[in-house]
>>> print(open('my_file_39.cif').read())   # mmCIF, N, CA and C atoms
data_work
#
loop_
_atom_site.group_PDB
_atom_site.id
_atom_site.type_symbol
_atom_site.label_atom_id
_atom_site.label_comp_id
_atom_site.auth_asym_id
_atom_site.auth_seq_id
_atom_site.Cartn_x
_atom_site.Cartn_y
_atom_site.Cartn_z
ATOM 1 N N MET L 133 -39.608 21.520 22.619
ATOM 2 C CA MET L 133 -39.006 20.309 22.111
ATOM 3 C C MET L 133 -37.905 19.844 23.073
ATOM 4 N N LYS L 134 -37.897 18.585 23.381
ATOM 5 C CA LYS L 134 -36.931 18.032 24.323
ATOM 6 C C LYS L 134 -35.584 17.807 23.630
ATOM 7 N N ASN L 135 -34.503 18.176 24.322
ATOM 8 C CA ASN L 135 -33.157 17.976 23.799
ATOM 9 C C ASN L 135 -32.766 16.513 24.029
ATOM 10 N N ILE L 136 -32.632 15.752 22.951
ATOM 11 C CA ILE L 136 -32.336 14.318 23.081
ATOM 12 C C ILE L 136 -30.908 14.067 23.553
ATOM 13 N N PHE L 137 -30.062 15.079 23.495
ATOM 14 C CA PHE L 137 -28.672 14.920 23.904
ATOM 15 C C PHE L 137 -28.428 15.302 25.362
ATOM 16 N N SER L 138 -29.423 15.886 26.010
ATOM 17 C CA SER L 138 -29.202 16.273 27.402
ATOM 18 C C SER L 138 -28.976 15.019 28.235
ATOM 19 N N GLY L 139 -28.006 15.097 29.095
ATOM 20 C CA GLY L 139 -27.686 13.967 29.948
ATOM 21 C C GLY L 139 -26.657 13.011 29.372
ATOM 22 N N LEU L 140 -26.359 13.132 28.077
ATOM 23 C CA LEU L 140 -25.361 12.240 27.479
ATOM 24 C C LEU L 140 -23.944 12.659 27.828
ATOM 25 N N PHE L 141 -23.721 13.944 27.933
ATOM 26 C CA PHE L 141 -22.383 14.452 28.179
ATOM 27 C C PHE L 141 -22.374 15.201 29.501
ATOM 28 N N ARG L 142 -21.352 14.946 30.290
ATOM 29 C CA ARG L 142 -21.236 15.625 31.572
ATOM 30 C C ARG L 142 -20.146 16.683 31.479
ATOM 31 N N SER L 143 -20.418 17.824 32.052
ATOM 32 C CA SER L 143 -19.373 18.832 32.121
ATOM 33 C C SER L 143 -18.360 18.394 33.170
ATOM 34 N N ALA L 144 -17.184 18.987 33.148
ATOM 35 C CA ALA L 144 -16.140 18.632 34.105
ATOM 36 C C ALA L 144 -16.610 18.822 35.544
ATOM 37 N N GLU L 145 -17.478 19.778 35.768
ATOM 38 C CA GLU L 145 -17.930 20.061 37.128
ATOM 39 C C GLU L 145 -18.888 19.001 37.662
ATOM 40 N N THR L 146 -19.542 18.215 36.796
ATOM 41 C CA THR L 146 -20.493 17.224 37.279
ATOM 42 C C THR L 146 -19.876 15.834 37.394
ATOM 43 N N ILE L 147 -18.625 15.667 37.006
ATOM 44 C CA ILE L 147 -17.963 14.384 37.140
ATOM 45 C C ILE L 147 -17.657 14.157 38.618
ATOM 46 N N THR L 148 -17.981 12.971 39.105
ATOM 47 C CA THR L 148 -17.773 12.685 40.520
ATOM 48 C C THR L 148 -16.371 12.131 40.762
ATOM 49 N N GLU L 149 -15.965 12.169 42.016
ATOM 50 C CA GLU L 149 -14.672 11.601 42.402
ATOM 51 C C GLU L 149 -14.634 10.103 42.081
ATOM 52 N N LYS L 150 -15.746 9.437 42.291
ATOM 53 C CA LYS L 150 -15.830 8.002 42.003
ATOM 54 C C LYS L 150 -15.552 7.718 40.523
ATOM 55 N N GLN L 151 -16.081 8.559 39.633
ATOM 56 C CA GLN L 151 -15.849 8.371 38.194
ATOM 57 C C GLN L 151 -14.385 8.610 37.841
ATOM 58 N N VAL L 152 -13.787 9.644 38.423
ATOM 59 C CA VAL L 152 -12.369 9.914 38.175
ATOM 60 C C VAL L 152 -11.538 8.731 38.660
ATOM 61 N N GLU L 153 -11.863 8.225 39.852
ATOM 62 C CA GLU L 153 -11.118 7.101 40.424
ATOM 63 C C GLU L 153 -11.256 5.849 39.562
ATOM 64 N N ARG L 154 -12.458 5.571 39.092
ATOM 65 C CA ARG L 154 -12.695 4.400 38.233
ATOM 66 C C ARG L 154 -11.864 4.505 36.950
ATOM 67 N N ASN L 155 -11.862 5.673 36.327
ATOM 68 C CA ASN L 155 -11.066 5.883 35.108
ATOM 69 C C ASN L 155 -9.575 5.732 35.396
ATOM 70 N N PHE L 156 -9.133 6.236 36.537
ATOM 71 C CA PHE L 156 -7.727 6.160 36.912
ATOM 72 C C PHE L 156 -7.284 4.709 37.086
ATOM 73 N N VAL L 157 -8.044 3.934 37.841
ATOM 74 C CA VAL L 157 -7.704 2.537 38.096
ATOM 75 C C VAL L 157 -7.645 1.759 36.786
ATOM 76 N N LYS L 158 -8.618 1.966 35.922
ATOM 77 C CA LYS L 158 -8.676 1.258 34.637
ATOM 78 C C LYS L 158 -7.485 1.619 33.759
ATOM 79 N N THR L 159 -7.176 2.898 33.665
ATOM 80 C CA THR L 159 -6.098 3.352 32.800
ATOM 81 C C THR L 159 -4.739 2.883 33.312
ATOM 82 N N VAL L 160 -4.534 2.929 34.621
ATOM 83 C CA VAL L 160 -3.279 2.450 35.198
ATOM 84 C C VAL L 160 -3.099 0.965 34.918
ATOM 85 N N LYS L 161 -4.167 0.204 35.062
ATOM 86 C CA LYS L 161 -4.100 -1.237 34.793
ATOM 87 C C LYS L 161 -3.748 -1.502 33.334
ATOM 88 N N GLU L 162 -4.387 -0.766 32.428
ATOM 89 C CA GLU L 162 -4.104 -0.933 30.995
ATOM 90 C C GLU L 162 -2.657 -0.576 30.658
ATOM 91 N N ALA L 163 -2.068 0.330 31.443
ATOM 92 C CA ALA L 163 -0.685 0.755 31.200
ATOM 93 C C ALA L 163 0.329 -0.207 31.826
ATOM 94 N N GLY L 164 -0.158 -1.171 32.616
ATOM 95 C CA GLY L 164 0.751 -2.149 33.202
ATOM 96 C C GLY L 164 1.011 -1.985 34.684
ATOM 97 N N GLY L 165 0.242 -1.118 35.344
ATOM 98 C CA GLY L 165 0.417 -0.894 36.771
ATOM 99 C C GLY L 165 -0.742 -1.445 37.574
ATOM 100 N N LEU L 166 -0.694 -1.231 38.864
ATOM 101 C CA LEU L 166 -1.743 -1.688 39.759
ATOM 102 C C LEU L 166 -2.044 -0.560 40.737
ATOM 103 N N ALA L 167 -3.268 -0.018 40.673
ATOM 104 C CA ALA L 167 -3.684 1.085 41.545
ATOM 105 C C ALA L 167 -4.533 0.512 42.670
ATOM 106 N N MET L 168 -3.903 0.249 43.793
ATOM 107 C CA MET L 168 -4.580 -0.386 44.925
ATOM 108 C C MET L 168 -5.143 0.662 45.875
ATOM 109 N N LYS L 169 -6.321 0.363 46.424
ATOM 110 C CA LYS L 169 -6.923 1.243 47.427
ATOM 111 C C LYS L 169 -5.991 1.279 48.629
ATOM 112 N N PHE L 170 -5.701 2.478 49.127
ATOM 113 C CA PHE L 170 -4.776 2.634 50.234
ATOM 114 C C PHE L 170 -5.538 3.108 51.455
ATOM 115 N N VAL L 171 -5.531 2.297 52.504
ATOM 116 C CA VAL L 171 -6.208 2.626 53.754
ATOM 117 C C VAL L 171 -5.202 2.458 54.880
ATOM 118 N N SER L 172 -5.134 3.422 55.755
ATOM 119 C CA SER L 172 -4.212 3.357 56.879
ATOM 120 C C SER L 172 -4.986 3.659 58.159
ATOM 121 N N PRO L 173 -5.462 2.615 58.846
ATOM 122 C CA PRO L 173 -6.255 2.849 60.062
ATOM 123 C C PRO L 173 -5.503 3.706 61.077
ATOM 124 N N GLY L 174 -6.210 4.648 61.629
ATOM 125 C CA GLY L 174 -5.606 5.524 62.625
ATOM 126 C C GLY L 174 -4.891 6.731 62.045
ATOM 127 N N ARG L 175 -4.826 6.817 60.728
ATOM 128 C CA ARG L 175 -4.179 7.970 60.065
ATOM 129 C C ARG L 175 -5.205 8.671 59.189
ATOM 130 N N VAL L 176 -5.255 9.969 59.285
ATOM 131 C CA VAL L 176 -6.150 10.742 58.422
ATOM 132 C C VAL L 176 -5.326 11.401 57.325
ATOM 133 N N GLY L 177 -5.957 11.619 56.186
ATOM 134 C CA GLY L 177 -5.318 12.365 55.119
ATOM 135 C C GLY L 177 -4.461 11.560 54.164
ATOM 136 N N VAL L 178 -4.389 10.232 54.348
ATOM 137 C CA VAL L 178 -3.545 9.445 53.449
ATOM 138 C C VAL L 178 -4.153 9.432 52.048
ATOM 139 N N PRO L 179 -3.316 9.323 51.011
ATOM 140 C CA PRO L 179 -3.824 9.290 49.639
ATOM 141 C C PRO L 179 -4.763 8.103 49.401
ATOM 142 N N ASP L 180 -5.612 8.226 48.389
ATOM 143 C CA ASP L 180 -6.612 7.209 48.082
ATOM 144 C C ASP L 180 -6.011 5.931 47.510
ATOM 145 N N ARG L 181 -4.973 6.067 46.690
ATOM 146 C CA ARG L 181 -4.424 4.918 45.970
ATOM 147 C C ARG L 181 -2.906 4.873 46.088
ATOM 148 N N ILE L 182 -2.384 3.650 46.158
ATOM 149 C CA ILE L 182 -0.946 3.433 45.999
ATOM 150 C C ILE L 182 -0.807 2.703 44.675
ATOM 151 N N VAL L 183 0.001 3.268 43.802
ATOM 152 C CA VAL L 183 0.160 2.713 42.460
ATOM 153 C C VAL L 183 1.491 1.984 42.396
ATOM 154 N N LEU L 184 1.409 0.682 42.097
ATOM 155 C CA LEU L 184 2.599 -0.136 41.943
ATOM 156 C C LEU L 184 2.955 -0.172 40.473
ATOM 157 N N LEU L 185 4.181 0.245 40.174
ATOM 158 C CA LEU L 185 4.651 0.379 38.797
ATOM 159 C C LEU L 185 5.652 -0.719 38.470
ATOM 160 N N PRO L 186 5.803 -1.019 37.198
ATOM 161 C CA PRO L 186 6.834 -1.978 36.807
ATOM 162 C C PRO L 186 8.208 -1.525 37.313
ATOM 163 N N GLY L 187 9.048 -2.482 37.657
ATOM 164 C CA GLY L 187 10.377 -2.151 38.132
ATOM 165 C C GLY L 187 10.443 -1.880 39.624
ATOM 166 N N GLY L 188 9.389 -2.212 40.355
ATOM 167 C CA GLY L 188 9.413 -2.055 41.807
ATOM 168 C C GLY L 188 9.255 -0.635 42.306
ATOM 169 N N ARG L 189 8.608 0.212 41.544
ATOM 170 C CA ARG L 189 8.388 1.605 41.955
ATOM 171 C C ARG L 189 6.976 1.782 42.514
ATOM 172 N N ALA L 190 6.807 2.773 43.368
ATOM 173 C CA ALA L 190 5.497 3.065 43.952
ATOM 174 C C ALA L 190 5.239 4.570 43.915
ATOM 175 N N VAL L 191 3.996 4.920 43.645
ATOM 176 C CA VAL L 191 3.540 6.308 43.604
ATOM 177 C C VAL L 191 2.200 6.363 44.333
ATOM 178 N N PHE L 192 1.965 7.426 45.071
ATOM 179 C CA PHE L 192 0.686 7.609 45.741
ATOM 180 C C PHE L 192 -0.169 8.570 44.920
ATOM 181 N N ALA L 193 -1.481 8.308 44.900
ATOM 182 C CA ALA L 193 -2.400 9.157 44.136
ATOM 183 C C ALA L 193 -3.594 9.549 45.002
ATOM 184 N N GLU L 194 -3.851 10.823 45.044
ATOM 185 C CA GLU L 194 -5.036 11.372 45.701
ATOM 186 C C GLU L 194 -6.035 11.694 44.603
ATOM 187 N N ILE L 195 -7.226 11.134 44.690
ATOM 188 C CA ILE L 195 -8.244 11.340 43.666
ATOM 189 C C ILE L 195 -9.238 12.387 44.164
ATOM 190 N N LYS L 196 -9.506 13.361 43.311
ATOM 191 C CA LYS L 196 -10.469 14.418 43.630
ATOM 192 C C LYS L 196 -11.373 14.647 42.431
ATOM 193 N N ARG L 197 -12.563 15.152 42.679
ATOM 194 C CA ARG L 197 -13.398 15.595 41.554
ATOM 195 C C ARG L 197 -12.743 16.847 40.982
ATOM 196 N N PRO L 198 -13.111 17.235 39.772
ATOM 197 C CA PRO L 198 -12.419 18.361 39.134
ATOM 198 C C PRO L 198 -12.323 19.635 39.973
ATOM 199 N N SER L 199 -13.316 19.931 40.772
ATOM 200 C CA SER L 199 -13.265 21.155 41.580
ATOM 201 C C SER L 199 -12.875 20.874 43.030
ATOM 202 N N GLY L 200 -12.450 19.643 43.315
ATOM 203 C CA GLY L 200 -12.134 19.257 44.689
ATOM 204 C C GLY L 200 -10.833 19.854 45.193
ATOM 205 N N HIS L 201 -10.790 20.109 46.483
ATOM 206 C CA HIS L 201 -9.610 20.685 47.122
ATOM 207 C C HIS L 201 -9.090 19.744 48.195
ATOM 208 N N LEU L 202 -7.794 19.806 48.446
ATOM 209 C CA LEU L 202 -7.188 18.995 49.503
ATOM 210 C C LEU L 202 -7.515 19.576 50.864
ATOM 211 N N ARG L 203 -7.776 18.683 51.826
ATOM 212 C CA ARG L 203 -7.944 19.112 53.209
ATOM 213 C C ARG L 203 -6.552 19.323 53.809
ATOM 214 N N LYS L 204 -6.490 20.055 54.911
ATOM 215 C CA LYS L 204 -5.211 20.304 55.588
ATOM 216 C C LYS L 204 -4.527 18.996 55.972
ATOM 217 N N SER L 205 -5.311 18.018 56.444
ATOM 218 C CA SER L 205 -4.736 16.724 56.833
ATOM 219 C C SER L 205 -4.132 16.000 55.631
ATOM 220 N N GLN L 206 -4.743 16.174 54.454
ATOM 221 C CA GLN L 206 -4.202 15.558 53.240
ATOM 222 C C GLN L 206 -2.901 16.243 52.827
ATOM 223 N N GLU L 207 -2.886 17.567 52.895
ATOM 224 C CA GLU L 207 -1.660 18.300 52.557
ATOM 225 C C GLU L 207 -0.513 17.862 53.464
ATOM 226 N N ALA L 208 -0.788 17.702 54.762
ATOM 227 C CA ALA L 208 0.245 17.289 55.711
ATOM 228 C C ALA L 208 0.725 15.868 55.424
ATOM 229 N N ALA L 209 -0.196 14.960 55.137
ATOM 230 C CA ALA L 209 0.181 13.580 54.815
ATOM 231 C C ALA L 209 1.000 13.526 53.534
ATOM 232 N N HIS L 210 0.642 14.320 52.552
ATOM 233 C CA HIS L 210 1.385 14.349 51.288
ATOM 234 C C HIS L 210 2.812 14.851 51.511
ATOM 235 N N ARG L 211 2.962 15.886 52.332
ATOM 236 C CA ARG L 211 4.303 16.400 52.649
ATOM 237 C C ARG L 211 5.152 15.323 53.324
ATOM 238 N N GLU L 212 4.547 14.610 54.255
ATOM 239 C CA GLU L 212 5.267 13.560 54.988
ATOM 240 C C GLU L 212 5.704 12.430 54.044
ATOM 241 N N ILE L 213 4.829 12.021 53.143
ATOM 242 C CA ILE L 213 5.156 10.950 52.185
ATOM 243 C C ILE L 213 6.237 11.416 51.214
ATOM 244 N N ARG L 214 6.104 12.637 50.720
ATOM 245 C CA ARG L 214 7.118 13.172 49.794
ATOM 246 C C ARG L 214 8.477 13.294 50.470
ATOM 247 N N ALA L 215 8.488 13.611 51.757
ATOM 248 C CA ALA L 215 9.749 13.730 52.511
ATOM 249 C C ALA L 215 10.478 12.391 52.578
ATOM 250 N N LYS L 216 9.759 11.305 52.423
ATOM 251 C CA LYS L 216 10.364 9.969 52.404
ATOM 252 C C LYS L 216 10.808 9.559 51.010
ATOM 253 N N GLY L 217 10.594 10.444 50.024
ATOM 254 C CA GLY L 217 11.060 10.190 48.669
ATOM 255 C C GLY L 217 10.050 9.588 47.717
ATOM 256 N N PHE L 218 8.792 9.498 48.136
ATOM 257 C CA PHE L 218 7.759 8.938 47.266
ATOM 258 C C PHE L 218 6.941 10.056 46.628
ATOM 259 N N PRO L 219 6.653 9.941 45.333
ATOM 260 C CA PRO L 219 5.799 10.940 44.700
ATOM 261 C C PRO L 219 4.337 10.801 45.152
ATOM 262 N N VAL L 220 3.659 11.931 45.257
ATOM 263 C CA VAL L 220 2.218 11.963 45.521
ATOM 264 C C VAL L 220 1.610 12.856 44.448
ATOM 265 N N CYS L 221 0.662 12.312 43.705
ATOM 266 C CA CYS L 221 0.010 13.056 42.625
ATOM 267 C C CYS L 221 -1.463 13.249 42.946
ATOM 268 N N VAL L 222 -1.980 14.416 42.615
ATOM 269 C CA VAL L 222 -3.406 14.689 42.764
ATOM 270 C C VAL L 222 -4.028 14.564 41.384
ATOM 271 N N ILE L 223 -5.023 13.697 41.275
ATOM 272 C CA ILE L 223 -5.679 13.394 40.002
ATOM 273 C C ILE L 223 -7.100 13.936 40.054
ATOM 274 N N ARG L 224 -7.415 14.854 39.128
ATOM 275 C CA ARG L 224 -8.746 15.467 39.098
ATOM 276 C C ARG L 224 -9.485 15.268 37.784
ATOM 277 N N SER L 225 -8.803 14.766 36.758
ATOM 278 C CA SER L 225 -9.437 14.709 35.439
ATOM 279 C C SER L 225 -8.761 13.662 34.564
ATOM 280 N N ASP L 226 -9.372 13.408 33.415
ATOM 281 C CA ASP L 226 -8.762 12.497 32.439
ATOM 282 C C ASP L 226 -7.428 13.046 31.945
ATOM 283 N N ALA L 227 -7.307 14.359 31.859
ATOM 284 C CA ALA L 227 -6.033 14.960 31.448
ATOM 285 C C ALA L 227 -4.950 14.663 32.481
ATOM 286 N N ASP L 228 -5.294 14.719 33.767
ATOM 287 C CA ASP L 228 -4.339 14.374 34.825
ATOM 288 C C ASP L 228 -3.941 12.904 34.738
ATOM 289 N N ILE L 229 -4.907 12.049 34.412
ATOM 290 C CA ILE L 229 -4.629 10.616 34.273
ATOM 291 C C ILE L 229 -3.647 10.385 33.136
ATOM 292 N N ARG L 230 -3.877 11.041 31.999
ATOM 293 C CA ARG L 230 -2.958 10.912 30.849
ATOM 294 C C ARG L 230 -1.561 11.392 31.224
ATOM 295 N N THR L 231 -1.466 12.532 31.884
ATOM 296 C CA THR L 231 -0.171 13.075 32.294
ATOM 297 C C THR L 231 0.535 12.117 33.242
ATOM 298 N N PHE L 232 -0.199 11.563 34.196
ATOM 299 C CA PHE L 232 0.361 10.591 35.136
ATOM 300 C C PHE L 232 0.954 9.399 34.383
ATOM 301 N N CYS L 233 0.184 8.837 33.470
ATOM 302 C CA CYS L 233 0.641 7.657 32.733
ATOM 303 C C CYS L 233 1.810 7.983 31.811
ATOM 304 N N GLU L 234 1.772 9.125 31.161
ATOM 305 C CA GLU L 234 2.888 9.511 30.294
ATOM 306 C C GLU L 234 4.175 9.661 31.102
ATOM 307 N N PHE L 235 4.071 10.203 32.303
ATOM 308 C CA PHE L 235 5.246 10.439 33.124
ATOM 309 C C PHE L 235 5.776 9.144 33.739
ATOM 310 N N PHE L 236 4.894 8.352 34.334
ATOM 311 C CA PHE L 236 5.359 7.184 35.090
ATOM 312 C C PHE L 236 5.470 5.907 34.261
ATOM 313 N N PHE L 237 4.773 5.839 33.144
ATOM 314 C CA PHE L 237 4.845 4.638 32.313
ATOM 315 C C PHE L 237 5.587 4.866 31.004
ATOM 316 N N ASP L 238 6.097 6.072 30.797
ATOM 317 C CA ASP L 238 6.804 6.394 29.555
ATOM 318 C C ASP L 238 5.956 6.067 28.337
ATOM 319 N N ALA L 239 4.644 6.310 28.448
ATOM 320 C CA ALA L 239 3.722 5.972 27.350
ATOM 321 C C ALA L 239 3.773 7.002 26.241
#
>>> encode(input="my_file_39.cif", output="structure tokens")
Amino acid sequence: MKNIFSGLFRSAETITEKQVERNFVKTVKEAGGLAMKFVSPGRVGVPDRIVLLPGGRAVFAEIKRPSGHLRKSQEAAHREIRAKGFPVCVIRSDADIRTFCEFFFDA
């Protein structure tokens, strides 16, 4: 007998980075922020998104799938950005998205 529910629910391990990123952008927008794609030609390891928050604040976000790991170049870029006083958050799941919004949007 075929399981009619197979394929309806994805385990955390099968969620793609693209899905996490899509959820992050949507949730940030609903909270009142703007999660813009961040590209820096000639630089490797920069975070995926720069999040513009109410009140003129900015936060960088690196999006990974749940089991994803940072590359050495990403770790170095994150250290450099943090040294300038900007937060860098790694987002891997819906729980991380909720925590991000609760912290930065006082939700």
>>> resolve_selection(input="my_file_39.cif", expression="the PyMOL selection byres (((chain L and resi 215-232 and name CA) around 12) and name CA)", output="ChimeraX atom specification")
/L:143-163,165,178-185,189-202,206-214,233-239
>>> select_by_dssp(input="my_file_39.cif", residues="range 174-236 of chain L", states="strand (DSSP E)", output="number ranges by chain")
L: 181-185, 189-195, 220-223
>>> axis_aligned_box(input="my_file_39.cif", around="range 203-215 of chain L", padding_each_side="4 Å", output="JSON")
{"center_x": 1.3, "center_y": 15.6, "center_z": 53.3, "size_x": 26.4, "size_y": 17.4, "size_z": 15.0}
>>> atom_distance(input="my_file_39.cif", atom1="CA of Leu166 in chain L", atom2="atom N of Pro186 in chain L")
8.0 Å
>>> atom_distance(input="my_file_39.cif", atom1="CA of Gly164 in chain L", atom2="atom C of Gly177 in chain L")
25.6 Å
>>> atom_distance(input="my_file_39.cif", atom1="atom N of Gly174 in chain L", atom2="atom N of Arg203 in chain L")
17.2 Å
>>> select_by_dssp(input="my_file_39.cif", residues="chain L", states="helix (DSSP H, G or I)", output="ChimeraX atom specification")
/L:144-146,149-163,204-215,226-237
